[in-house]
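Heads up: the structure comes next, in structure tokens.
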Amino acid sequence: MRVGIDLGGTKIAAVALGADGAELARHRRPTPRDYDATLDALAETVAALDPFGTGGVGISLPGIVDPSAGMVRAVNLPWLAGRPFAEDAARRIGRPVRIANDANCFTLSEATDGAAVGSAVVFGIILGTGVGGGIVVDGRILPGANGLAGEWGHAPLPWREEADGLPVPCGCGKTGCLETVLCGAGLSRLHRHLTGDDGTGNAADPQEIAARALAGDPAAAATLTRHADALARALAPVLNLLDPDMVVVGGGLSALPGLCESVAQRWGTWALAAAPRTRMAVARHGGESGMRGAARLWPE
């Protein structure tokens, strides 16, 4: 049995997978806002899923993870910052623990038995409240020397144009990052920039924009086209540098109508390969990819 835990800012979601990848059990509870209480909650979660097991536990969490040191810089979980989290979690749970960034676990899940199965090099992206990325090569996460591989959301938007709007500050402290354009708030901001819609009479949240586009609203459709163009420009340097077989996308904005098709039609304009063979698809396991990927941190 493999146990994988998705440790988020509001919830702990966990799954137990059999050797064949079939789901055996799952567990969910709120995330405490305290270090020791979080460790206790993790131990109770593992006990609920696999009370007599002895195998390793994988934990997916937001932020920059240093797998060598077992430490994390987590924006949504500040009480973990600077603590020997992997070591403390292993001691409290009583089993070996491996930790990884949530985008890395997402990508690993999709590369193992999701939308990117069979692909040698996979770049996974999460478009939601923030923008994250992960890299899996031959079925294993590529963490990087500093645990930063795939942290694509904090690169600047390339080939920026007036239609993209003015660069705005990012939570990382820089200005004009991809995240500020491609995340949910970025899509709303882009719509307001293109239409003047301030949300008072015409809601500009991503779900409303998508619904209006599907209903034939040309302004909303134009916003989605511009967003897809920005995403294509953002991925073109990834294609040039990493040349992945597959780009798999998750997060709330992965449901935007026609996103993958629109991006794949455009990224050849910016990448060195005019007709890239790289494929793009929406994640098969969706929001469950984090915990499923965490379970895969123990392939042996």
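Labeling convention for the structure tokens: chains A, B, ... as they appear, residues from 1 per chain, ligands from 1 in order of appearance.
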What are the closest atom pairs, with distances in Å to one decimal, for each residue of stretch 110-204 of chain A lying within 12 Å of stretch 62-76 of chain A, using only C-alpha atoms, rows by chain and rising residue number, as a tab-separated table?
residue	atom	partner	partner_atom	distance
A:Ile126	CA	A:Pro62	CA	11.5
A:Thr129	CA	A:Asn76	CA	11.5
A:Gly130	CA	A:Pro62	CA	10.4
A:Val131	CA	A:Pro62	CA	11.1
A:Gly132	CA	A:Pro62	CA	9.2
A:Gly133	CA	A:Gly63	CA	11.2
A:Gly134	CA	A:Ile64	CA	11.4
A:Ile141	CA	A:Pro67	CA	11.0
A:Leu142	CA	A:Pro67	CA	11.0
A:Pro143	CA	A:Pro67	CA	7.8
A:Gly144	CA	A:Asp66	CA	9.2
A:Ala145	CA	A:Asp66	CA	8.7
A:Asn146	CA	A:Asp66	CA	6.6
A:Gly147	CA	A:Asp66	CA	5.1
A:Leu148	CA	A:Ile64	CA	6.8
A:Ala149	CA	A:Ile64	CA	9.7
A:Gly150	CA	A:Ile64	CA	10.5
A:Glu151	CA	A:Ile64	CA	8.6
A:Gly171	CA	A:Val75	CA	9.4
A:Cys172	CA	A:Val75	CA	9.7
Residue subset to file, keeping all heavy atoms, as an mmCIF file, in the first residue's frame:
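New file part-v2.cif:
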data_model
loop_
_atom_site.group_PDB
_atom_site.id
_atom_site.type_symbol
_atom_site.label_atom_id
_atom_site.label_comp_id
_atom_site.auth_asym_id
_atom_site.auth_seq_id
_atom_site.Cartn_x
_atom_site.Cartn_y
_atom_site.Cartn_z
ATOM 1 N N ILE A 126 0.132 24.130 -13.243
ATOM 2 C CA ILE A 126 -1.091 24.341 -12.483
ATOM 3 C C ILE A 126 -1.489 25.805 -12.623
ATOM 4 O O ILE A 126 -0.713 26.703 -12.280
ATOM 5 C CB ILE A 126 -0.898 23.980 -11.006
ATOM 6 C CG1 ILE A 126 -0.541 22.495 -10.861
ATOM 7 C CG2 ILE A 126 -2.163 24.283 -10.220
ATOM 8 C CD1 ILE A 126 -0.258 22.070 -9.435
ATOM 9 N N THR A 129 -5.208 29.708 -8.323
ATOM 10 C CA THR A 129 -4.947 30.916 -7.537
ATOM 11 C C THR A 129 -3.542 31.432 -7.811
ATOM 12 O O THR A 129 -3.305 32.637 -7.829
ATOM 13 C CB THR A 129 -5.119 30.608 -6.041
ATOM 14 O OG1 THR A 129 -6.424 30.072 -5.828
ATOM 15 C CG2 THR A 129 -4.942 31.861 -5.205
ATOM 16 N N GLY A 130 -2.613 30.510 -8.003
ATOM 17 C CA GLY A 130 -1.251 30.838 -8.424
ATOM 18 C C GLY A 130 -0.916 30.054 -9.674
ATOM 19 O O GLY A 130 -1.788 29.447 -10.296
ATOM 20 N N VAL A 131 0.346 30.065 -10.039
ATOM 21 C CA VAL A 131 0.813 29.328 -11.210
ATOM 22 C C VAL A 131 2.061 28.550 -10.805
ATOM 23 O O VAL A 131 3.036 29.134 -10.328
ATOM 24 C CB VAL A 131 1.133 30.279 -12.383
ATOM 25 C CG1 VAL A 131 1.818 29.531 -13.514
ATOM 26 C CG2 VAL A 131 -0.147 30.930 -12.895
ATOM 27 N N GLY A 132 2.011 27.242 -10.962
ATOM 28 C CA GLY A 132 3.155 26.410 -10.619
ATOM 29 C C GLY A 132 3.530 25.492 -11.754
ATOM 30 O O GLY A 132 2.796 25.359 -12.740
ATOM 31 N N GLY A 133 4.669 24.848 -11.620
ATOM 32 C CA GLY A 133 5.115 23.924 -12.648
ATOM 33 C C GLY A 133 6.001 22.849 -12.064
ATOM 34 O O GLY A 133 6.613 23.021 -10.999
ATOM 35 N N GLY A 134 6.057 21.713 -12.739
ATOM 36 C CA GLY A 134 6.895 20.607 -12.325
ATOM 37 C C GLY A 134 7.421 19.856 -13.529
ATOM 38 O O GLY A 134 6.836 19.912 -14.613
ATOM 39 N N ILE A 141 10.620 12.682 -10.637
ATOM 40 C CA ILE A 141 10.645 14.135 -10.504
ATOM 41 C C ILE A 141 12.064 14.647 -10.684
ATOM 42 O O ILE A 141 13.023 14.076 -10.154
ATOM 43 C CB ILE A 141 10.108 14.555 -9.123
ATOM 44 C CG1 ILE A 141 8.608 14.267 -9.014
ATOM 45 C CG2 ILE A 141 10.381 16.029 -8.842
ATOM 46 C CD1 ILE A 141 8.049 14.456 -7.615
ATOM 47 N N LEU A 142 12.210 15.736 -11.414
ATOM 48 C CA LEU A 142 13.470 16.462 -11.513
ATOM 49 C C LEU A 142 13.376 17.646 -10.546
ATOM 50 O O LEU A 142 12.762 18.664 -10.863
ATOM 51 C CB LEU A 142 13.693 16.952 -12.950
ATOM 52 C CG LEU A 142 14.969 17.744 -13.212
ATOM 53 C CD1 LEU A 142 16.196 16.844 -13.069
ATOM 54 C CD2 LEU A 142 14.932 18.365 -14.612
ATOM 55 N N PRO A 143 13.961 17.541 -9.344
ATOM 56 C CA PRO A 143 13.792 18.614 -8.357
ATOM 57 C C PRO A 143 14.713 19.803 -8.591
ATOM 58 O O PRO A 143 14.366 20.936 -8.271
ATOM 59 C CB PRO A 143 14.116 17.924 -7.029
ATOM 60 C CG PRO A 143 15.055 16.826 -7.397
ATOM 61 C CD PRO A 143 14.676 16.372 -8.788
ATOM 62 N N GLY A 144 15.927 19.555 -9.128
ATOM 63 C CA GLY A 144 16.905 20.620 -9.295
ATOM 64 C C GLY A 144 17.784 20.774 -8.080
ATOM 65 O O GLY A 144 17.446 20.312 -6.980
ATOM 66 N N ALA A 145 18.928 21.411 -8.265
ATOM 67 C CA ALA A 145 19.906 21.559 -7.192
ATOM 68 C C ALA A 145 19.357 22.343 -6.003
ATOM 69 O O ALA A 145 19.739 22.107 -4.854
ATOM 70 C CB ALA A 145 21.163 22.247 -7.722
ATOM 71 N N ASN A 146 18.453 23.277 -6.273
ATOM 72 C CA ASN A 146 17.896 24.127 -5.221
ATOM 73 C C ASN A 146 16.415 23.862 -4.967
ATOM 74 O O ASN A 146 15.753 24.643 -4.294
ATOM 75 C CB ASN A 146 18.087 25.599 -5.599
ATOM 76 C CG ASN A 146 19.541 25.940 -5.846
ATOM 77 O OD1 ASN A 146 20.333 25.981 -4.912
ATOM 78 N ND2 ASN A 146 19.907 26.161 -7.104
ATOM 79 N N GLY A 147 15.899 22.778 -5.532
ATOM 80 C CA GLY A 147 14.480 22.488 -5.398
ATOM 81 C C GLY A 147 13.600 23.418 -6.203
ATOM 82 O O GLY A 147 12.409 23.559 -5.924
ATOM 83 N N LEU A 148 14.164 24.035 -7.250
ATOM 84 C CA LEU A 148 13.450 25.064 -8.001
ATOM 85 C C LEU A 148 13.028 24.636 -9.399
ATOM 86 O O LEU A 148 12.372 25.413 -10.104
ATOM 87 C CB LEU A 148 14.322 26.323 -8.125
ATOM 88 C CG LEU A 148 14.628 27.070 -6.831
ATOM 89 C CD1 LEU A 148 15.627 28.184 -7.091
ATOM 90 C CD2 LEU A 148 13.339 27.643 -6.238
ATOM 91 N N ALA A 149 13.391 23.432 -9.825
ATOM 92 C CA ALA A 149 13.078 23.024 -11.195
ATOM 93 C C ALA A 149 11.569 23.085 -11.437
ATOM 94 O O ALA A 149 10.779 22.583 -10.644
ATOM 95 C CB ALA A 149 13.598 21.617 -11.454
ATOM 96 N N GLY A 150 11.182 23.740 -12.505
ATOM 97 C CA GLY A 150 9.770 23.872 -12.844
ATOM 98 C C GLY A 150 9.093 25.093 -12.281
ATOM 99 O O GLY A 150 7.917 25.337 -12.584
ATOM 100 N N GLU A 151 9.785 25.902 -11.465
ATOM 101 C CA GLU A 151 9.164 27.110 -10.893
ATOM 102 C C GLU A 151 9.067 28.186 -11.974
ATOM 103 O O GLU A 151 9.718 29.223 -11.939
ATOM 104 C CB GLU A 151 9.969 27.617 -9.693
ATOM 105 C CG GLU A 151 9.795 26.793 -8.439
ATOM 106 C CD GLU A 151 8.377 26.874 -7.876
ATOM 107 O OE1 GLU A 151 7.642 27.827 -8.233
ATOM 108 O OE2 GLU A 151 8.000 25.988 -7.097
ATOM 109 N N GLY A 171 3.556 38.241 -5.788
ATOM 110 C CA GLY A 171 3.795 37.894 -4.401
ATOM 111 C C GLY A 171 5.231 37.538 -4.098
ATOM 112 O O GLY A 171 5.650 37.560 -2.935
ATOM 113 N N CYS A 172 6.006 37.204 -5.132
ATOM 114 C CA CYS A 172 7.408 36.844 -4.914
ATOM 115 C C CYS A 172 8.285 38.073 -4.703
ATOM 116 O O CYS A 172 9.459 37.947 -4.353
ATOM 117 C CB CYS A 172 7.938 36.031 -6.106
ATOM 118 S SG CYS A 172 8.191 36.988 -7.622
#
* To do: Show which residues sit within 6 Å of A:Val15, as a list of chain:residue names. Count only C-alpha atoms, and ignore same-chain residues fewer than 6 positions away.
  =>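 So the residues in contact are A:Val3, A:Gly4, A:Ala25, A:Arg26.
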To test your reading of the structure, identify every residue in stretch 180-253 of chain A that backbone DSSP assigns to strand (DSSP E or B), and report it as number ranges by chain.
A: 246-250
Save out the residues we just selected, all heavy atoms, as a CSV table (one decimal), in the first residue's frame.
chain,number,residue,atom,x,y,z
A,246,MET,N,5.2,16.1,-23.5
A,246,MET,CA,3.8,16.5,-23.1
A,246,MET,C,3.8,17.6,-22.1
A,246,MET,O,4.7,17.7,-21.2
A,246,MET,CB,3.1,15.2,-22.5
A,246,MET,CG,1.8,15.5,-21.8
A,246,MET,SD,0.5,15.9,-23.0
A,246,MET,CE,0.0,14.2,-23.5
A,247,VAL,N,2.9,18.5,-22.3
A,247,VAL,CA,2.5,19.5,-21.3
A,247,VAL,C,1.2,19.2,-20.8
A,247,VAL,O,0.2,19.1,-21.6
A,247,VAL,CB,2.6,21.0,-21.9
A,247,VAL,CG1,2.0,22.0,-20.8
A,247,VAL,CG2,3.9,21.4,-22.3
A,248,VAL,N,1.0,19.0,-19.5
A,248,VAL,CA,-0.2,18.6,-18.9
A,248,VAL,C,-0.6,19.8,-17.9
A,248,VAL,O,0.2,20.3,-17.2
A,248,VAL,CB,-0.2,17.3,-18.2
A,248,VAL,CG1,0.8,17.3,-17.0
A,248,VAL,CG2,-1.6,16.9,-17.6
A,249,VAL,N,-1.9,20.2,-18.0
A,249,VAL,CA,-2.3,21.3,-17.3
A,249,VAL,C,-3.4,21.0,-16.3
A,249,VAL,O,-4.4,20.2,-16.6
A,249,VAL,CB,-2.8,22.5,-18.2
A,249,VAL,CG1,-3.9,22.0,-19.2
A,249,VAL,CG2,-3.3,23.7,-17.5
A,250,GLY,N,-3.3,21.5,-15.1
A,250,GLY,CA,-4.3,21.3,-14.0
A,250,GLY,C,-4.7,22.6,-13.4
A,250,GLY,O,-4.2,23.7,-13.8
Exercise for review: Name all residues at most 12 Å from A:Leu127 (count only C-alpha atoms; drop same-chain ones fewer than 4 positions away) and give them as a PyMOL selection string.
Suggested key: chain A and resi 103+106+131-133+152-153+178-187+206+227-228+231+248-256+259+282-283+286-287
TODO: List every residue of stretch 28-136 of chain A that DSSP, applied to the backbone of this structure, assigns to alpha helix (DSSP H), and report them as number ranges by chain.
DONE: A: 35-49, 85-93, 102-113
Exercise. Skip stretch 45-58 of chain A itself and residues of its chain fewer than 4 positions away, then list as a PyMOL selection string all residues within 9 Å of it, counting only C-alpha atoms.
Key: chain A and resi 1-6+12-16+24-29+40-41+90+93-100+291+293-298
Just want the 7 Å neighbourhood of stretch 212-224 of chain A, counted on only C-alpha atoms, with same-chain residues fewer than 2 positions away dropped. Output as a list in words. Leu190, His191, Thr195, Glu208, Ile209, Ala210, Arg226, His227 and Ala228 of chain A
